Every structure is written in structure tokens, then in C-alpha cells.
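**Q** One structure coming up, written as C-alpha cells, with questions to follow.
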Amino acid sequence: MSISHLSHPYQGIKAVITTQHAKEKLVAPALTRLGIELIHHNFDTDSLGTFSGEIPRTNPQRETALQKARIGMKATGLNYGVASEGSIGADPLVPFINSAIESIAWIDDAIGLEIVEFERGTEVVAVKTEVSSIGELDDFLERADFPRHALIVYPTSKNGPIYKGLRDLVALEDAISTVIKNGKAIIESDLRAHMSPSRSEVIERCAEKLAYRLAQLCSECGAPGFGTVGNVYGLKCDLCGEVVRRAIRGEIQGCAKCDHREEKLNGKTEVSAAQCERCNP
């Protein structure tokens, strides 16, 4: 995805990225090509929710990403902010696998923009097991891609210490030995961005999507961020001719600043009977 806009409105601006897990290294390369300089604001983002569950996330993913960006903007006084938030769990499209849904929020208070881009990745390593002895580790460590991916250890009772960022076998075994003195231990992938290379790749792709969208200017008002805001639905069944209302026949491209909208059709006119509610109820 090639992005190079020397005359882009964001050329030369400074934006703050709020993170404590080194996400600035993942997001900066894409935004730098638009001429944006990222300023890192270190904030305890774990206070807004953790993957390991000791602090639940109270707001939806999109709103949490925007909240993080606002925190950095308030701290630095900058008009531009960016932040990332992810969720990992059962994939919404493919049964029996996990996926990461990453979001990156962009806020421009100079002209009043809020844009959040999303990216899905099924390559994320997210595994979990329960052990009562160190001897049960071998197969799990291979599935966990250890030590490339770090691990977390904590007691099944959740009443005790949580050991995070474990990438050394001795440290891992010590943590397990400590925890199993009072019961079984749970071992799972440390899904923080700086501890999970596979998740980092999804964040990088999301940053590319955001940068590409910011590079697109609205033809009406000139604001950055012209992109997909919805879908156009309705295609005929190729067997019975009935309109399948949920079938996508294009995208609605829109401006994040004004009300300008354009339809971008995908060229399809029909769908197979397998997708028709009448032919395949």
C-alpha cells in the first residue's frame, strides 16, 4: 500500500500516541509516510483493562481506543491523538479458531474528526493450559511458540501473584513452581503487543489501513479520512430471482467530517441460491 502525500494537510503535524506496550514502534512507520510525527505518551493503559482479566475492560473496544487517545492529547495539549486497542477470542467467521480484532483510533480536534479503523488477524498465537506440574509443559510450549511469544502464569484460584512477560524457561519454571504450591497453575499467552509478535503484525496492518484512509481527502470539503462507512445491500438470487437483502453489492464511501457519500459497487448482480433465504431456508 503506497502512501506519499507531500501536500497532505497532516504534513508536519505532531500527534500523540498513548501506550505503555511499545505500540508507537508499530504505528509510527505508516503515519510517518503522511508526514506525521508521533510523540509517545506513556500511560498505564492496563488500568483500562487487561487481557489476563485481573482488570476488566469496562467500555467497548472502539470507545476504549478513543479514550486512550484523549488521555494523551490532554496530557500533551496536542490537537491530534492516536491509540490502539485489541480484543482476542473466538473468531466471528471461522469456527474453532481464535482471532485478533485490532482497532486504531485517530482524533483530529483541529477540524473535529474521530476515525477508528479495524483489522482482523487469525494468525495470532493465543493458547492456554492448566498444569499441576512442570512436566506437563513440553507440548504446550511448542503450541505457544515459546520463547518467541511470552507467557503468563497465575493460580487457578486467581488469588495470588500473576507472572507476566515470561520468555525464559528458568523464570517460567520458577513461576509455575511457586504457583502450584497452593494448587494448579494456568499458563497462557501474554497478549500484550510487545510480548506477542503475531499480534504485533495485526496492529501494523491496522496502522497501514488507518494511514491509507487518512491519505484519502474528501472531494467536497477536503478533510482527510474519506473511506468506507457502510455497505450497499441487495442482490438477486441466480435461481429464483428473489432479492437477497443481506447480500453485499458494494460499499458506501463517506467523509468523517461532512455528509458527503458515494457508492462504490462491486460489480456483482446475483448471488448463488445457497445464500438465498427462499431457496436455502
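Labels used: A, B, ... for chains in the order of the C-alpha cells, numbers from 1 for residues in each chain, and numbers from 1 for ligands as shown.
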Any chance you could tabulate, as a Markdown table, the residues of range 156-224 of chain A at most 10 Å from range 235-257 of chain A with each one's nearest atom pair and distance in Å to one decimal, using only C-alpha atoms, in chain and rising number order?

**A**
| residue | atom | partner | partner_atom | distance |
| --- | --- | --- | --- | --- |
| A:Gln216 | CA | A:Cys255 | CA | 9.5 |
| A:Leu217 | CA | A:Cys255 | CA | 8.2 |
| A:Cys218 | CA | A:Cys255 | CA | 5.9 |
| A:Ser219 | CA | A:Cys255 | CA | 8.9 |
| A:Glu220 | CA | A:Cys255 | CA | 8.7 |
| A:Cys221 | CA | A:Lys257 | CA | 7.9 |
| A:Gly222 | CA | A:Cys255 | CA | 9.1 |
| A:Ala223 | CA | A:Lys257 | CA | 6.5 |
| A:Pro224 | CA | A:Ala256 | CA | 7.9 |

**Q** Output as number ranges by chain all residues of range 56-116 of chain A that backbone DSSP marks as helix (DSSP H, G or I).

**A** A: 61-76

**Q** Near Asp168 in chain A, within 12 Å and counting only C-alpha atoms, which residues show up once chain neighbours fewer than 2 positions away are dropped, as a ChimeraX atom specification?

**A** /A:141,146-152,164-166,170-175

**Q** Just the residues within 8 Å of range 182-198 of chain A, please, counting only C-alpha atoms, with nothing from its chain fewer than 2 positions along; format it as a tab-separated table (two decimals) with N, CA and C atoms, in the first residue's frame.

**A**
chain	number	residue	atom	x	y	z
A	21	HIS	N	2.99	-0.24	25.92
A	21	HIS	CA	3.44	-1.54	25.40
A	21	HIS	C	4.14	-1.42	24.05
A	22	ALA	N	4.82	-0.29	23.84
A	22	ALA	CA	5.68	-0.08	22.67
A	22	ALA	C	4.92	-0.08	21.34
A	23	LYS	N	3.64	0.26	21.35
A	23	LYS	CA	2.88	0.29	20.10
A	23	LYS	C	3.31	1.42	19.18
A	51	PHE	N	-5.71	-8.12	29.28
A	51	PHE	CA	-6.03	-9.39	28.64
A	51	PHE	C	-6.13	-10.52	29.66
A	52	SER	N	-5.31	-10.44	30.69
A	52	SER	CA	-5.28	-11.50	31.70
A	52	SER	C	-6.46	-11.45	32.66
A	123	GLU	N	-3.82	-15.17	12.64
A	123	GLU	CA	-2.50	-15.75	12.88
A	123	GLU	C	-2.02	-15.59	14.32
A	124	VAL	N	-2.79	-14.87	15.12
A	124	VAL	CA	-2.36	-14.59	16.49
A	124	VAL	C	-2.21	-15.89	17.28
A	125	VAL	N	-1.13	-15.98	18.05
A	125	VAL	CA	-0.89	-17.12	18.93
A	125	VAL	C	-1.54	-16.82	20.28
A	126	ALA	N	-2.60	-17.56	20.59
A	126	ALA	CA	-3.32	-17.34	21.85
A	126	ALA	C	-3.74	-18.70	22.40
A	127	VAL	N	-2.92	-19.24	23.29
A	127	VAL	CA	-3.16	-20.58	23.84
A	127	VAL	C	-3.18	-20.52	25.36
A	128	LYS	N	-3.76	-21.56	25.94
A	128	LYS	CA	-3.94	-21.58	27.39
A	128	LYS	C	-3.99	-23.01	27.87
A	129	THR	N	-3.42	-23.28	29.03
A	129	THR	CA	-3.48	-24.62	29.61
A	129	THR	C	-3.46	-24.53	31.13
A	130	GLU	N	-3.77	-25.63	31.76
A	130	GLU	CA	-3.76	-25.73	33.22
A	130	GLU	C	-2.85	-26.89	33.60
A	131	VAL	N	-1.91	-26.67	34.50
A	131	VAL	CA	-0.95	-27.71	34.87
A	131	VAL	C	-0.86	-27.84	36.38
A	132	SER	N	-0.44	-29.04	36.79
A	132	SER	CA	-0.19	-29.27	38.21
A	132	SER	C	1.28	-29.62	38.45
A	144	ALA	N	2.63	-22.73	22.00
A	144	ALA	CA	2.69	-21.33	22.44
A	144	ALA	C	3.79	-20.54	21.73
A	148	ARG	N	9.58	-17.18	21.71
A	148	ARG	CA	9.29	-16.03	20.83
A	148	ARG	C	8.08	-15.26	21.33
A	149	HIS	N	7.07	-15.99	21.77
A	149	HIS	CA	5.91	-15.37	22.41
A	149	HIS	C	6.01	-15.59	23.91
A	150	ALA	N	5.80	-14.52	24.67
A	150	ALA	CA	5.90	-14.60	26.12
A	150	ALA	C	4.66	-15.26	26.73
A	151	LEU	N	4.81	-15.70	27.98
A	151	LEU	CA	3.72	-16.38	28.67
A	151	LEU	C	3.39	-15.69	30.00
A	152	ILE	N	2.19	-16.00	30.49
A	152	ILE	CA	1.72	-15.53	31.79
A	152	ILE	C	1.40	-16.75	32.65
A	153	VAL	N	1.70	-16.68	33.93
A	153	VAL	CA	1.38	-17.76	34.87
A	153	VAL	C	0.65	-17.18	36.06
A	154	TYR	N	-0.45	-17.84	36.45
A	154	TYR	CA	-1.18	-17.41	37.65
A	154	TYR	C	-1.97	-18.60	38.20
A	155	PRO	N	-2.38	-18.55	39.47
A	155	PRO	CA	-3.10	-19.68	40.07
A	155	PRO	C	-4.53	-19.79	39.55
A	156	THR	N	-5.05	-21.01	39.49
A	156	THR	CA	-6.42	-21.22	39.04
A	156	THR	C	-7.42	-20.49	39.93
A	164	LYS	N	4.03	-12.17	34.52
A	164	LYS	CA	3.85	-11.79	33.11
A	164	LYS	C	5.19	-11.65	32.40
A	165	GLY	N	5.12	-11.66	31.07
A	165	GLY	CA	6.31	-11.42	30.26
A	165	GLY	C	7.38	-12.48	30.38
A	176	ILE	N	5.89	-21.28	37.82
A	176	ILE	CA	4.97	-22.41	37.96
A	176	ILE	C	5.17	-23.11	39.30
A	179	VAL	N	3.51	-21.14	42.03
A	179	VAL	CA	2.05	-21.14	41.99
A	179	VAL	C	1.46	-22.49	42.40
A	180	ILE	N	2.07	-23.61	41.95
A	180	ILE	CA	1.47	-24.93	42.20
A	180	ILE	C	1.64	-25.40	43.65
A	200	SER	N	1.38	-8.23	17.06
A	200	SER	CA	2.01	-7.00	16.55
A	200	SER	C	1.82	-6.86	15.05
A	201	GLU	N	1.86	-7.98	14.34
A	201	GLU	CA	1.68	-7.94	12.89
A	201	GLU	C	0.29	-7.43	12.52
A	202	VAL	N	-0.71	-7.80	13.29
A	202	VAL	CA	-2.08	-7.35	13.02
A	202	VAL	C	-2.19	-5.85	13.29

**Q** Using only C-alpha atoms, which of A:Ser103, A:Asn42, A:Gln20, A:Ser157 sits nearest Ile115 in chain A?

**A** A:Ser103

**Q** From a DSSP calculation on the backbone, collect every residue of range 61-139 of chain A in strand (DSSP E or B) and output the set as a ChimeraX atom specification.

**A** /A:80-90,98-108,113-121,128-131

**Q** In Å, how far is it from CA of Thr122 in chain A to CA of Leu93 in chain A?

**A**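 CA of Leu93 in chain A lies 10.2 Å from CA of Thr122 in chain A.
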